[in-house]
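Structure data (PDB, C-alpha atoms and all ligand atoms) from protein.pdb:
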```
ATOM      1  CA  MET A 248      24.258  10.800  -4.737
ATOM      2  CA  GLU A 249      23.074  13.107  -2.010
ATOM      3  CA  PHE A 250      19.537  12.078  -2.889
ATOM      4  CA  LEU A 251      20.380   8.387  -2.502
ATOM      5  CA  LYS A 252      22.196   8.988   0.786
ATOM      6  CA  THR A 253      19.165  10.775   2.086
ATOM      7  CA  CYS A 254      16.906   7.926   1.049
ATOM      8  CA  VAL A 255      19.101   5.365   2.808
ATOM      9  CA  LEU A 256      19.106   7.494   5.953
ATOM     10  CA  ARG A 257      15.369   7.878   5.804
ATOM     11  CA  ARG A 258      14.752   4.188   5.398
ATOM     12  CA  ASN A 259      17.273   2.751   7.801
ATOM     13  CA  ALA A 260      17.161   5.003  10.784
ATOM     14  CA  CYS A 261      13.959   5.670  12.617
ATOM     15  CA  THR A 262      15.454   8.714  14.307
ATOM     16  CA  ALA A 263      16.577  10.040  10.931
ATOM     17  CA  VAL A 264      13.041   9.601   9.653
ATOM     18  CA  CYS A 265      11.628  11.542  12.589
ATOM     19  CA  PHE A 266      14.157  14.321  12.079
ATOM     20  CA  TRP A 267      13.456  14.525   8.392
ATOM     21  CA  ARG A 268       9.716  14.498   8.888
ATOM     22  CA  SER A 269      10.080  17.624  10.947
ATOM     23  CA  LYS A 270       6.551  19.042  10.522
ATOM     24  CA  VAL A 271       5.534  17.859  13.976
ATOM     25  CA  VAL A 272       1.875  18.378  14.797
ATOM     26  CA  GLN A 273       0.465  19.522  18.138
ATOM     27  CA  LYS A 274      -1.557  16.730  19.695
ATOM     28  CA  PRO A 275      -4.317  17.068  22.280
ATOM     29  CA  SER A 276      -3.176  15.922  25.719
ATOM     30  CA  VAL A 277      -6.014  13.390  25.959
ATOM     31  CA  ARG A 278      -6.373  10.725  23.270
ATOM     32  CA  ARG A 279      -9.822  10.582  21.773
ATOM     33  CA  ILE A 280     -11.110   7.803  19.562
ATOM     34  CA  SER A 281     -13.246   9.339  16.867
ATOM     35  CA  THR A 282     -14.843   6.991  14.391
ATOM     36  CA  THR A 283     -18.023   7.109  12.379
ATOM     37  CA  SER A 284     -19.608   4.750  14.910
ATOM     38  CA  PRO A 285     -17.913   5.620  18.233
ATOM     39  CA  ARG A 286     -19.319   2.738  20.275
ATOM     40  CA  SER A 287     -18.785   0.069  17.697
ATOM     41  CA  THR A 288     -16.122  -2.555  18.145
ATOM     42  CA  VAL A 289     -16.787  -4.163  14.797
ATOM     43  CA  MET A 290     -16.640  -2.931  11.216
ATOM     44  CA  PRO A 291     -17.500  -4.050   7.705
ATOM     45  CA  ALA A 292     -14.757  -5.868   5.807
ATOM     46  CA  TRP A 293     -14.075  -8.391   3.071
ATOM     47  CA  VAL A 294     -12.253 -11.354   4.582
ATOM     48  CA  ILE A 295     -11.193 -14.898   3.795
ATOM     49  CA  ASP A 296     -11.424 -17.807   6.264
ATOM     50  CA  LYS A 297      -9.357 -20.190   4.128
ATOM     51  CA  TYR A 298      -7.282 -19.989   0.955
ATOM     52  CA  GLY A 299      -8.855 -20.799  -2.387
ATOM     53  CA  LYS A 300     -10.686 -19.485  -5.431
ATOM     54  CA  ASN A 301     -12.771 -16.328  -5.486
ATOM     55  CA  GLU A 302     -15.621 -17.963  -3.568
ATOM     56  CA  VAL A 303     -13.589 -17.749  -0.353
ATOM     57  CA  LEU A 304     -14.095 -13.983  -0.249
ATOM     58  CA  ARG A 305     -16.724 -13.218   2.417
ATOM     59  CA  PHE A 306     -18.325  -9.916   3.355
ATOM     60  CA  THR A 307     -18.848  -9.374   7.077
ATOM     61  CA  GLN A 308     -20.198  -6.521   9.185
ATOM     62  CA  ASN A 309     -18.487  -8.016  12.231
ATOM     63  CA  MET A 310     -14.761  -7.793  11.659
ATOM     64  CA  MET A 311     -12.980  -6.652  14.823
ATOM     65  CA  MET A 312     -12.024  -2.972  14.662
ATOM     66  CA  PRO A 313      -8.241  -2.621  14.558
ATOM     67  CA  ILE A 314      -6.604  -1.294  17.685
ATOM     68  CA  ILE A 315      -3.331   0.467  18.261
ATOM     69  CA  HIS A 316      -0.788  -1.989  19.668
ATOM     70  CA  TYR A 317       2.305   0.180  19.355
ATOM     71  CA  PRO A 318       2.708   3.901  20.080
ATOM     72  CA  ASN A 319       3.875   4.619  16.515
ATOM     73  CA  GLU A 320       0.684   3.327  14.878
ATOM     74  CA  VAL A 321      -2.239   5.181  13.355
ATOM     75  CA  ILE A 322      -5.760   4.022  12.553
ATOM     76  CA  VAL A 323      -6.956   5.130   9.125
ATOM     77  CA  LYS A 324     -10.543   5.242   7.944
ATOM     78  CA  VAL A 325     -10.373   3.720   4.477
ATOM     79  CA  HIS A 326     -11.971   5.834   1.743
ATOM     80  CA  ALA A 327     -10.546   3.876  -1.177
ATOM     81  CA  ALA A 328      -8.459   0.722  -1.614
ATOM     82  CA  SER A 329      -7.279  -1.252  -4.629
ATOM     83  CA  VAL A 330      -6.809  -4.828  -5.793
ATOM     84  CA  ASN A 331      -3.301  -5.878  -6.863
ATOM     85  CA  PRO A 332      -2.121  -9.230  -8.237
ATOM     86  CA  ILE A 333      -0.682  -9.990  -4.776
ATOM     87  CA  ASP A 334      -4.201  -9.909  -3.336
ATOM     88  CA  VAL A 335      -5.389 -12.516  -5.820
ATOM     89  CA  ASN A 336      -2.270 -14.572  -5.095
ATOM     90  CA  MET A 337      -2.651 -14.252  -1.320
ATOM     91  CA  ARG A 338      -6.305 -15.266  -1.603
ATOM     92  CA  SER A 339      -4.996 -18.513  -3.128
ATOM     93  CA  GLY A 340      -2.427 -19.025  -0.355
ATOM     94  CA  TYR A 341       0.653 -17.450  -1.964
ATOM     95  CA  GLY A 342       3.353 -16.762   0.621
ATOM     96  CA  ALA A 343       1.214 -18.058   3.483
ATOM     97  CA  THR A 344       4.046 -19.927   5.236
ATOM     98  CA  ALA A 345       6.516 -17.057   5.028
ATOM     99  CA  LEU A 346       3.918 -14.457   5.965
ATOM    100  CA  ASN A 347       2.800 -16.505   8.969
ATOM    101  CA  MET A 348       6.424 -16.679  10.150
ATOM    102  CA  LYS A 349       6.551 -12.899   9.962
ATOM    103  CA  ARG A 350       3.231 -12.608  11.824
ATOM    104  CA  ASP A 351       4.175 -15.155  14.469
ATOM    105  CA  PRO A 352       7.965 -15.778  14.512
ATOM    106  CA  LEU A 353       7.871 -17.960  17.630
ATOM    107  CA  HIS A 354       5.051 -20.178  16.288
ATOM    108  CA  VAL A 355       3.047 -19.488  19.406
ATOM    109  CA  LYS A 356      -0.287 -19.566  17.614
ATOM    110  CA  ILE A 357      -2.126 -22.520  16.141
ATOM    111  CA  LYS A 358      -2.364 -23.185  12.398
ATOM    112  CA  GLY A 359      -4.890 -20.960  10.600
ATOM    113  CA  GLU A 360      -4.643 -18.210  13.205
ATOM    114  CA  GLU A 361      -4.311 -15.604  10.431
ATOM    115  CA  PHE A 362      -8.027 -15.971   9.603
ATOM    116  CA  PRO A 363     -10.253 -14.108   9.168
ATOM    117  CA  LEU A 364      -7.729 -12.423   6.897
ATOM    118  CA  THR A 365      -8.388  -9.099   5.193
ATOM    119  CA  LEU A 366      -6.691  -8.592   1.830
ATOM    120  CA  GLY A 367      -5.937  -5.277   0.083
ATOM    121  CA  ARG A 368      -2.644  -3.425   0.317
ATOM    122  CA  ASP A 369      -3.426   0.131  -0.813
ATOM    123  CA  VAL A 370      -5.307   2.710   1.200
ATOM    124  CA  SER A 371      -6.234   6.321   0.801
ATOM    125  CA  GLY A 372      -8.201   7.678   3.722
ATOM    126  CA  VAL A 373      -8.326   9.826   6.836
ATOM    127  CA  VAL A 374      -6.442   9.416  10.121
ATOM    128  CA  MET A 375      -8.879   8.586  12.941
ATOM    129  CA  GLU A 376      -6.539   7.927  15.863
ATOM    130  CA  CYS A 377      -2.807   8.241  16.527
ATOM    131  CA  GLY A 378      -0.550   6.361  18.928
ATOM    132  CA  LEU A 379       1.185   8.395  21.603
ATOM    133  CA  ASP A 380       4.500   8.576  19.707
ATOM    134  CA  VAL A 381       3.018   9.671  16.380
ATOM    135  CA  LYS A 382       4.194  13.210  15.759
ATOM    136  CA  TYR A 383       3.801  13.652  12.018
ATOM    137  CA  PHE A 384       0.062  12.960  11.718
ATOM    138  CA  LYS A 385      -3.100  13.970  13.537
ATOM    139  CA  PRO A 386      -6.731  12.842  13.354
ATOM    140  CA  GLY A 387      -8.384  14.256  10.255
ATOM    141  CA  ASP A 388      -5.254  14.182   8.062
ATOM    142  CA  GLU A 389      -5.768  12.797   4.576
ATOM    143  CA  VAL A 390      -3.196  10.031   4.080
ATOM    144  CA  TRP A 391      -2.189   7.222   1.743
ATOM    145  CA  ALA A 392      -0.190   4.044   2.381
ATOM    146  CA  ALA A 393       0.663   0.559   1.181
ATOM    147  CA  VAL A 394       0.289  -1.944   4.018
ATOM    148  CA  PRO A 395       2.857  -4.803   4.214
ATOM    149  CA  PRO A 396       1.380  -8.186   3.280
ATOM    150  CA  TRP A 397       1.783  -9.692   6.762
ATOM    151  CA  LYS A 398      -0.591  -7.109   8.205
ATOM    152  CA  GLN A 399      -4.378  -7.013   7.994
ATOM    153  CA  GLY A 400      -5.366  -5.380   4.700
ATOM    154  CA  THR A 401      -7.347  -2.400   3.546
ATOM    155  CA  LEU A 402     -10.570  -3.930   2.197
ATOM    156  CA  SER A 403     -12.286  -2.860   5.413
ATOM    157  CA  GLU A 404     -13.633   0.290   7.030
ATOM    158  CA  PHE A 405     -10.500   0.874   9.113
ATOM    159  CA  VAL A 406      -6.900  -0.271   8.967
ATOM    160  CA  VAL A 407      -3.995   0.167  11.371
ATOM    161  CA  VAL A 408      -0.607   1.108   9.951
ATOM    162  CA  SER A 409       2.747   2.164  11.332
ATOM    163  CA  GLY A 410       3.398   5.917  11.216
ATOM    164  CA  ASN A 411       6.471   5.109   9.146
ATOM    165  CA  GLU A 412       4.367   3.388   6.467
ATOM    166  CA  VAL A 413       1.898   6.205   5.960
ATOM    167  CA  SER A 414       2.216   9.549   4.185
ATOM    168  CA  HIS A 415       0.112  12.619   3.505
ATOM    169  CA  LYS A 416      -1.944  12.006   0.377
ATOM    170  CA  PRO A 417      -1.126  14.132  -2.690
ATOM    171  CA  LYS A 418      -3.427  17.124  -2.499
ATOM    172  CA  SER A 419      -4.124  17.005  -6.217
ATOM    173  CA  LEU A 420      -5.650  13.511  -6.106
ATOM    174  CA  THR A 421      -8.992  12.220  -4.941
ATOM    175  CA  HIS A 422      -8.978   9.243  -2.572
ATOM    176  CA  THR A 423      -9.972   7.021  -5.503
ATOM    177  CA  GLN A 424      -7.018   8.216  -7.554
ATOM    178  CA  ALA A 425      -4.597   8.082  -4.622
ATOM    179  CA  ALA A 426      -5.512   4.488  -3.748
ATOM    180  CA  SER A 427      -4.331   3.382  -7.180
ATOM    181  CA  LEU A 428      -0.700   4.269  -6.556
ATOM    182  CA  PRO A 429       1.086   3.318  -3.291
ATOM    183  CA  TYR A 430       1.788  -0.412  -3.805
ATOM    184  CA  VAL A 431       2.800  -0.184  -7.469
ATOM    185  CA  ALA A 432       4.616   3.126  -6.989
ATOM    186  CA  LEU A 433       6.676   1.777  -4.076
ATOM    187  CA  THR A 434       7.494  -1.381  -6.071
ATOM    188  CA  ALA A 435       8.674   0.677  -9.051
ATOM    189  CA  TRP A 436      10.473   3.080  -6.673
ATOM    190  CA  SER A 437      12.239   0.153  -5.007
ATOM    191  CA  ALA A 438      13.334  -1.241  -8.383
ATOM    192  CA  ILE A 439      14.372   2.027  -9.998
ATOM    193  CA  ASN A 440      15.793   4.048  -7.120
ATOM    194  CA  LYS A 441      16.814   1.634  -4.396
ATOM    195  CA  VAL A 442      17.985  -1.384  -6.407
ATOM    196  CA  GLY A 443      18.716   0.281  -9.775
ATOM    197  CA  GLY A 444      20.363   3.291  -8.109
ATOM    198  CA  LEU A 445      18.830   5.637 -10.671
ATOM    199  CA  ASN A 446      17.481   9.092  -9.989
ATOM    200  CA  ASP A 447      16.787  12.322 -11.800
ATOM    201  CA  LYS A 448      20.478  13.387 -11.520
ATOM    202  CA  ASN A 449      22.128  10.290 -13.024
ATOM    203  CA  CYS A 450      19.820   8.873 -15.655
ATOM    204  CA  THR A 451      20.550  11.074 -18.663
ATOM    205  CA  GLY A 452      21.304   8.952 -21.716
ATOM    206  CA  LYS A 453      20.384   5.687 -20.016
ATOM    207  CA  ARG A 454      17.696   3.361 -21.300
ATOM    208  CA  VAL A 455      15.331   1.242 -19.293
ATOM    209  CA  LEU A 456      13.310  -1.747 -20.487
ATOM    210  CA  ILE A 457       9.965  -1.950 -18.740
ATOM    211  CA  LEU A 458       8.027  -5.185 -19.209
ATOM    212  CA  GLY A 459       4.317  -5.250 -18.471
ATOM    213  CA  ALA A 460       4.168  -1.506 -19.003
ATOM    214  CA  SER A 461       0.388  -1.404 -19.257
ATOM    215  CA  GLY A 462      -0.128  -2.853 -15.781
ATOM    216  CA  GLY A 463      -0.077  -1.239 -12.364
ATOM    217  CA  VAL A 464       3.681  -1.295 -11.705
ATOM    218  CA  GLY A 465       4.501  -0.639 -15.366
ATOM    219  CA  THR A 466       2.298   2.436 -15.757
ATOM    220  CA  PHE A 467       4.052   4.011 -12.791
ATOM    221  CA  ALA A 468       7.561   2.887 -13.827
ATOM    222  CA  ILE A 469       7.193   4.107 -17.394
ATOM    223  CA  GLN A 470       6.403   7.606 -16.178
ATOM    224  CA  HIS A 471       9.222   7.481 -13.664
ATOM    225  CA  PHE A 472      11.356   5.494 -16.159
ATOM    226  CA  TRP A 473      14.999   5.299 -15.852
ATOM    227  CA  LYS A 474      19.281   1.343 -17.610
ATOM    228  CA  GLY A 475      19.512  -2.111 -16.947
ATOM    229  CA  VAL A 476      22.360  -4.021 -18.486
ATOM    230  CA  HIS A 477      22.372  -6.258 -15.457
ATOM    231  CA  TYR A 478      19.292  -7.450 -13.709
ATOM    232  CA  ARG A 479      18.640  -7.596  -9.983
ATOM    233  CA  TRP A 480      15.537  -8.493  -8.015
ATOM    234  CA  ALA A 481      13.516  -5.736  -6.465
ATOM    235  CA  PHE A 482      10.639  -5.992  -4.038
ATOM    236  CA  PHE A 483       7.885  -3.843  -2.726
ATOM    237  CA  MET A 484       8.831  -2.013   0.448
ATOM    238  CA  ALA A 485       6.302  -0.191   2.581
ATOM    239  CA  SER A 486       7.636   3.311   3.190
ATOM    240  CA  GLY A 487       5.926   6.503   4.216
ATOM    241  CA  PRO A 488       9.004   8.644   3.502
ATOM    242  CA  CYS A 489       9.220   7.273  -0.082
ATOM    243  CA  LEU A 490       5.506   7.996  -0.487
ATOM    244  CA  ASP A 491       6.214  11.565   0.659
ATOM    245  CA  ASP A 492       8.627  11.904  -2.294
ATOM    246  CA  ILE A 493       6.163  10.259  -4.665
ATOM    247  CA  ALA A 494       3.411  12.609  -3.471
ATOM    248  CA  GLU A 495       5.612  15.563  -4.439
ATOM    249  CA  LEU A 496       6.037  14.146  -7.946
ATOM    250  CA  VAL A 497       2.293  13.604  -8.204
ATOM    251  CA  ASP A 498       1.432  17.113  -7.041
ATOM    252  CA  ALA A 499       4.023  18.484  -9.489
ATOM    253  CA  GLY A 500       2.137  16.741 -12.284
ATOM    254  CA  LYS A 501       5.037  14.364 -13.055
ATOM    255  CA  ILE A 502       3.136  11.195 -12.128
ATOM    256  CA  ARG A 503      -0.541  10.611 -12.726
ATOM    257  CA  PRO A 504      -2.725   7.718 -11.671
ATOM    258  CA  VAL A 505      -3.851   5.345 -14.415
ATOM    259  CA  ILE A 506      -7.106   3.713 -13.353
ATOM    260  CA  GLU A 507      -8.724   1.105 -15.555
ATOM    261  CA  GLN A 508     -11.820   0.403 -13.486
ATOM    262  CA  THR A 509     -13.375   1.282 -10.156
ATOM    263  CA  PHE A 510     -15.723  -0.928  -8.157
ATOM    264  CA  PRO A 511     -17.965  -0.178  -5.179
ATOM    265  CA  PHE A 512     -17.141  -1.921  -1.891
ATOM    266  CA  SER A 513     -20.027  -4.330  -2.472
ATOM    267  CA  LYS A 514     -18.349  -5.628  -5.660
ATOM    268  CA  VAL A 515     -14.943  -6.639  -4.307
ATOM    269  CA  PRO A 516     -15.210 -10.235  -5.658
ATOM    270  CA  GLU A 517     -15.851  -8.861  -9.167
ATOM    271  CA  ALA A 518     -12.748  -6.689  -8.808
ATOM    272  CA  PHE A 519     -10.679  -9.769  -7.850
ATOM    273  CA  LEU A 520     -11.986 -11.644 -10.904
ATOM    274  CA  LYS A 521     -11.082  -8.721 -13.138
ATOM    275  CA  VAL A 522      -7.502  -8.568 -11.795
ATOM    276  CA  GLU A 523      -7.247 -12.372 -12.040
ATOM    277  CA  ARG A 524      -8.199 -12.261 -15.741
ATOM    278  CA  GLY A 525      -5.009 -10.226 -16.370
ATOM    279  CA  HIS A 526      -4.246  -7.924 -19.301
ATOM    280  CA  ALA A 527      -4.398  -4.901 -17.004
ATOM    281  CA  ARG A 528      -4.426  -1.474 -18.582
ATOM    282  CA  GLY A 529      -4.100   0.414 -15.314
ATOM    283  CA  LYS A 530      -5.273  -0.086 -11.762
ATOM    284  CA  THR A 531      -8.405  -1.593 -10.236
ATOM    285  CA  VAL A 532      -9.687   0.576  -7.413
ATOM    286  CA  ILE A 533     -12.332  -0.038  -4.737
ATOM    287  CA  ASN A 534     -14.373   2.872  -3.439
ATOM    288  CA  VAL A 535     -14.978   1.973   0.194
ATOM    289  CA  VAL A 536     -16.801   5.166   1.201
TER     290      VAL A 536
HETATM  291  N1  LIG A 601       7.979  -8.738  -5.815
HETATM  292  C1  LIG A 601       7.239  -7.696  -5.500
HETATM  293  O1  LIG A 601       7.471  -7.033  -4.461
HETATM  294  C2  LIG A 601       6.123  -7.291  -6.421
HETATM  295  C3  LIG A 601       5.399  -6.133  -6.143
HETATM  296  C4  LIG A 601       4.400  -5.743  -7.036
HETATM  297  C5  LIG A 601       4.134  -6.533  -8.148
HETATM  298  N2  LIG A 601       4.812  -7.674  -8.343
HETATM  299  C6  LIG A 601       4.536  -8.532  -9.507
HETATM  300  O2  LIG A 601       4.847  -7.772 -10.672
HETATM  301  C7  LIG A 601       3.955  -8.136 -11.732
HETATM  302  C8  LIG A 601       3.286  -6.888 -12.281
HETATM  303  O3  LIG A 601       2.466  -6.300 -11.271
HETATM  304  P1  LIG A 601       1.324  -5.281 -11.690
HETATM  305  O4  LIG A 601       0.678  -4.804 -10.447
HETATM  306  O5  LIG A 601       1.874  -4.295 -12.656
HETATM  307  O6  LIG A 601       0.334  -6.309 -12.460
HETATM  308  P2  LIG A 601      -0.823  -5.953 -13.517
HETATM  309  O7  LIG A 601      -1.383  -4.622 -13.221
HETATM  310  O8  LIG A 601      -1.720  -7.129 -13.568
HETATM  311  O9  LIG A 601      -0.054  -5.852 -14.924
HETATM  312  C9  LIG A 601       0.621  -6.954 -15.472
HETATM  313  C10 LIG A 601       1.196  -6.503 -16.811
HETATM  314  O10 LIG A 601       2.073  -7.537 -17.307
HETATM  315  C11 LIG A 601       1.727  -7.798 -18.683
HETATM  316  N3  LIG A 601       2.086  -9.196 -18.969
HETATM  317  C12 LIG A 601       1.422 -10.312 -18.580
HETATM  318  N4  LIG A 601       2.062 -11.403 -19.027
HETATM  319  C13 LIG A 601       3.170 -10.976 -19.678
HETATM  320  C14 LIG A 601       4.225 -11.621 -20.357
HETATM  321  N5  LIG A 601       4.277 -12.966 -20.446
HETATM  322  N6  LIG A 601       5.192 -10.862 -20.932
HETATM  323  C15 LIG A 601       5.150  -9.509 -20.831
HETATM  324  N7  LIG A 601       4.171  -8.836 -20.210
HETATM  325  C16 LIG A 601       3.184  -9.552 -19.639
HETATM  326  C17 LIG A 601       0.246  -7.501 -18.751
HETATM  327  O11 LIG A 601      -0.181  -7.168 -20.065
HETATM  328  P3  LIG A 601      -0.784  -8.309 -21.053
HETATM  329  O12 LIG A 601      -1.407  -9.376 -20.207
HETATM  330  O13 LIG A 601      -1.770  -7.597 -21.906
HETATM  331  O14 LIG A 601       0.400  -8.812 -21.812
HETATM  332  C18 LIG A 601       0.156  -6.251 -17.885
HETATM  333  O15 LIG A 601       0.552  -5.116 -18.590
HETATM  334  C19 LIG A 601       2.943  -9.123 -11.126
HETATM  335  O16 LIG A 601       3.391 -10.434 -11.448
HETATM  336  C20 LIG A 601       3.052  -8.873  -9.642
HETATM  337  O17 LIG A 601       2.689 -10.015  -8.889
HETATM  338  C21 LIG A 601       5.827  -8.074  -7.517
END
```

Kindly present the structure from the file in structure tokens form.
Amino acid sequence: MEFLKTCVLRRNACTAVCFWRSKVVQKPSVRRISTTSPRSTVMPAWVIDKYGKNEVLRFTQNMMMPIIHYPNEVIVKVHAASVNPIDVNMRSGYGATALNMKRDPLHVKIKGEEFPLTLGRDVSGVVMECGLDVKYFKPGDEVWAAVPPWKQGTLSEFVVVSGNEVSHKPKSLTHTQAASLPYVALTAWSAINKVGGLNDKNCTGKRVLILGASGGVGTFAIQHFWKGVHYRWAFFMASGPCLDDIAELVDAGKIRPVIEQTFPFSKVPEAFLKVERGHARGKTVINVV
């Protein structure tokens, strides 16, 4: 119960999160932007300019570099990303209306303003720049995250995420391995812990039915398994603090990544086709660096 209470505190209260993430780092007094190409304002990325079949995926060297809009944001250099079913679905326009409302609640912008849109939810990489209020991370830190679907995605050289969405990468994993986990792990975590209310203290003797156990979410959930007489809906939630807990399980050897196939950054469309074909037996990862 204490564990659950802690989780609720961590998720709901920003101040509680800051208190809990007490390993505050010393930051230099002057902010420095340090990227691989310091004078560049553009970066390589896979984008879409309209919704549709795989042909809408377009590689560009000229995607605008992300910038920090809020003091709690960090820019991450992407070393590895992954392709999830949501990326294939978003490519086809899934959730576009709802996501656009989240991006632009007052409908200030014109239709199609989300383009060029970068897909990709998972990232494992290195912090390049921190907003002024970011106390838990510093440039050079190796981190992992799952980026919410209303934000620009990770199939690009850099991505900007909130400090509360990002977490230090498990030390025992490579970037390729780490990029396979955040989105599916947080979905399974949301279902099992947050919605199911199950944890390592209260699951003895309970049984859990996991459908699709050979896929991305399933391969995580089956390792983390835990009873469902009733069913309730669960959704992915971006959460750095939950990823901190998951990183501990990974480094303790209790969770391991299950990767079916890796693709180089140049082969992102092939990776989408593979995920779209279904029958996953693990994750599809993109090596960006
Ligand atoms: N709501 C959310 O927040 C959220 C978040 C993440 C994922 N999801 C959804 O959850 C599902 C699983 O995600 P994932 O990342 O694990 O996908 P995945 O990696 O593609 O795996 C899908 C798994 O489902 C199995 N499957 C497909 N059709 C099935 C059926 N009719 N009956 C039983 N099993 C079936 C597949 O195996 P076979 O094809 O070999 O049977 C495979 O093991 C997807 O639909 C995804 O969109 C929702």

Evaluate the PyMOL selection byres (((chain A and resi 337-343) around 10) and not hetatm) and report residues as an NGL selection string: :A and (294-304 or 332-336 or 344-349 or 359 or 361 or 364-367 or 396-397 or 519)

With distances taken over all atoms listed in the file, which of A:Glu376, A:Glu360, A:Glu404, A:Asp369 is nearest to A:Pro291?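 Between A:Glu376, A:Glu360, A:Glu404, A:Asp369, the residue approaching A:Pro291 most closely is A:Glu404.
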
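Of the residues under consideration (A:Gly387, A:Met484, A:Leu402, A:Ala438), A:Leu402 shows the shortest atom-to-atom contact distance to A:Pro516 when counting only C-alpha atoms.
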
Residue nearest ligand LIG 601 (chain A) - candidates A:Ala328, A:Val323, A:Ala460, A:Val505, atoms counted: all atoms listed in the file: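 Nearest candidate to ligand LIG 601 (chain A) out of A:Ala328, A:Val323, A:Ala460, A:Val505: A:Ala460.
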
For the provided coordinates, the residues matched by the PyMOL selection byres (((chain A and resi 521) around 12) and not hetatm) should be stated as a list in words.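 With the PyMOL selection byres (((chain A and resi 521) around 12) and not hetatm) on this model, the match is Asn301, Ser329, Val330, Asn331, Pro332, Val335, Glu507, Gln508, Thr509, Phe510, Lys514, Val515, Pro516, Glu517, Ala518, Phe519, Leu520, Val522, Glu523, Arg524, Gly525, His526, Ala527, Arg528, Gly529, Lys530, Thr531 and Val532 of chain A.
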
What does the file look like for those residues with C-alpha atoms, as a PDB file, in the coordinates of the input?
```
ATOM      1  CA  ASN A 301     -12.771 -16.328  -5.486  1.00  0.00           C
ATOM      2  CA  SER A 329      -7.279  -1.252  -4.629  1.00  0.00           C
ATOM      3  CA  VAL A 330      -6.809  -4.828  -5.793  1.00  0.00           C
ATOM      4  CA  ASN A 331      -3.301  -5.878  -6.863  1.00  0.00           C
ATOM      5  CA  PRO A 332      -2.121  -9.230  -8.237  1.00  0.00           C
ATOM      6  CA  VAL A 335      -5.389 -12.516  -5.820  1.00  0.00           C
ATOM      7  CA  GLU A 507      -8.724   1.105 -15.555  1.00  0.00           C
ATOM      8  CA  GLN A 508     -11.820   0.403 -13.486  1.00  0.00           C
ATOM      9  CA  THR A 509     -13.375   1.282 -10.156  1.00  0.00           C
ATOM     10  CA  PHE A 510     -15.723  -0.928  -8.157  1.00  0.00           C
ATOM     11  CA  LYS A 514     -18.349  -5.628  -5.660  1.00  0.00           C
ATOM     12  CA  VAL A 515     -14.943  -6.639  -4.307  1.00  0.00           C
ATOM     13  CA  PRO A 516     -15.210 -10.235  -5.658  1.00  0.00           C
ATOM     14  CA  GLU A 517     -15.851  -8.861  -9.167  1.00  0.00           C
ATOM     15  CA  ALA A 518     -12.748  -6.689  -8.808  1.00  0.00           C
ATOM     16  CA  PHE A 519     -10.679  -9.769  -7.850  1.00  0.00           C
ATOM     17  CA  LEU A 520     -11.986 -11.644 -10.904  1.00  0.00           C
ATOM     18  CA  VAL A 522      -7.502  -8.568 -11.795  1.00  0.00           C
ATOM     19  CA  GLU A 523      -7.247 -12.372 -12.040  1.00  0.00           C
ATOM     20  CA  ARG A 524      -8.199 -12.261 -15.741  1.00  0.00           C
ATOM     21  CA  GLY A 525      -5.009 -10.226 -16.370  1.00  0.00           C
ATOM     22  CA  HIS A 526      -4.246  -7.924 -19.301  1.00  0.00           C
ATOM     23  CA  ALA A 527      -4.398  -4.901 -17.004  1.00  0.00           C
ATOM     24  CA  ARG A 528      -4.426  -1.474 -18.582  1.00  0.00           C
ATOM     25  CA  GLY A 529      -4.100   0.414 -15.314  1.00  0.00           C
ATOM     26  CA  LYS A 530      -5.273  -0.086 -11.762  1.00  0.00           C
ATOM     27  CA  THR A 531      -8.405  -1.593 -10.236  1.00  0.00           C
ATOM     28  CA  VAL A 532      -9.687   0.576  -7.413  1.00  0.00           C
TER      29      VAL A 532
END
```

So, counting all atoms listed in the file, which residue among A:Val464, A:Val536, A:Ile493, A:Val325 is closest to ligand LIG 601 (chain A)?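 Distance minimum relative to ligand LIG 601 (chain A) lands on A:Val464.
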
In Å, with one decimal, what is the gap from atom C18 of ligand LIG 601 (chain A) to atom CA of A:Ile506?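 These atoms are spaced 13.1 Å apart.
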
One decimal, in Å: what's the spacing between atom CA of A:Ile502 and atom CA of A:His471?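 That distance, rounded to one decimal, is 7.3 Å.
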
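Atom CA of A:Cys489 lies 17.6 Å from atom CA of A:Lys382.
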
Find the axis-aligned box for stretch 404-413 of chain A, covering all its listed atoms and adding 3 Å on each side, and write its centre and edge lengths in Å to one decimal as lines of an AutoDock Vina configuration file.
```
center_x = -3.6
center_y = 3.0
center_z = 8.7
size_x = 26.1
size_y = 12.5
size_z = 11.4
```

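Counting all atoms listed in the file and comparing A:Ala494, A:Val535, A:Ala393, A:Gly487, the residue that lies closest to ligand LIG 601 (chain A) is A:Ala393.
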
Starting from the shown file, work through the PyMOL selection byres (((chain A and resi 316) around 12) and not hetatm) and note down what comes out as a PyMOL selection string. chain A and resi 313-315+317-322+377-380+407-409

Excluding A:Leu433 and its own-chain neighbours fewer than 5 positions away, which residues fall within 12 Å of it when counting all atoms listed in the file? Please give them as a ChimeraX atom specification. /A:368-369,391-395,412-413,427-428,438-442,463-465,467-468,471,481-494

Among A:Trp480, A:Trp293, A:Phe384, A:Phe306, ligand LIG 601 (chain A) is approached most closely, using only C-alpha atoms and all ligand atoms, by A:Trp480

Set the distance at 8 Å and use only C-alpha atoms: which residues neighbour A:Ala327 once local chain neighbours fewer than 4 positions away are removed? I'd like the list as a PyMOL selection string. chain A and resi 370-372+422-423+426+532-536

At a cut-off of 8 Å, using only C-alpha atoms, what residues contact A:Gln308? Leave out same-chain residues fewer than 3 positions from it and give the result as a ChimeraX atom specification. /A:289-292
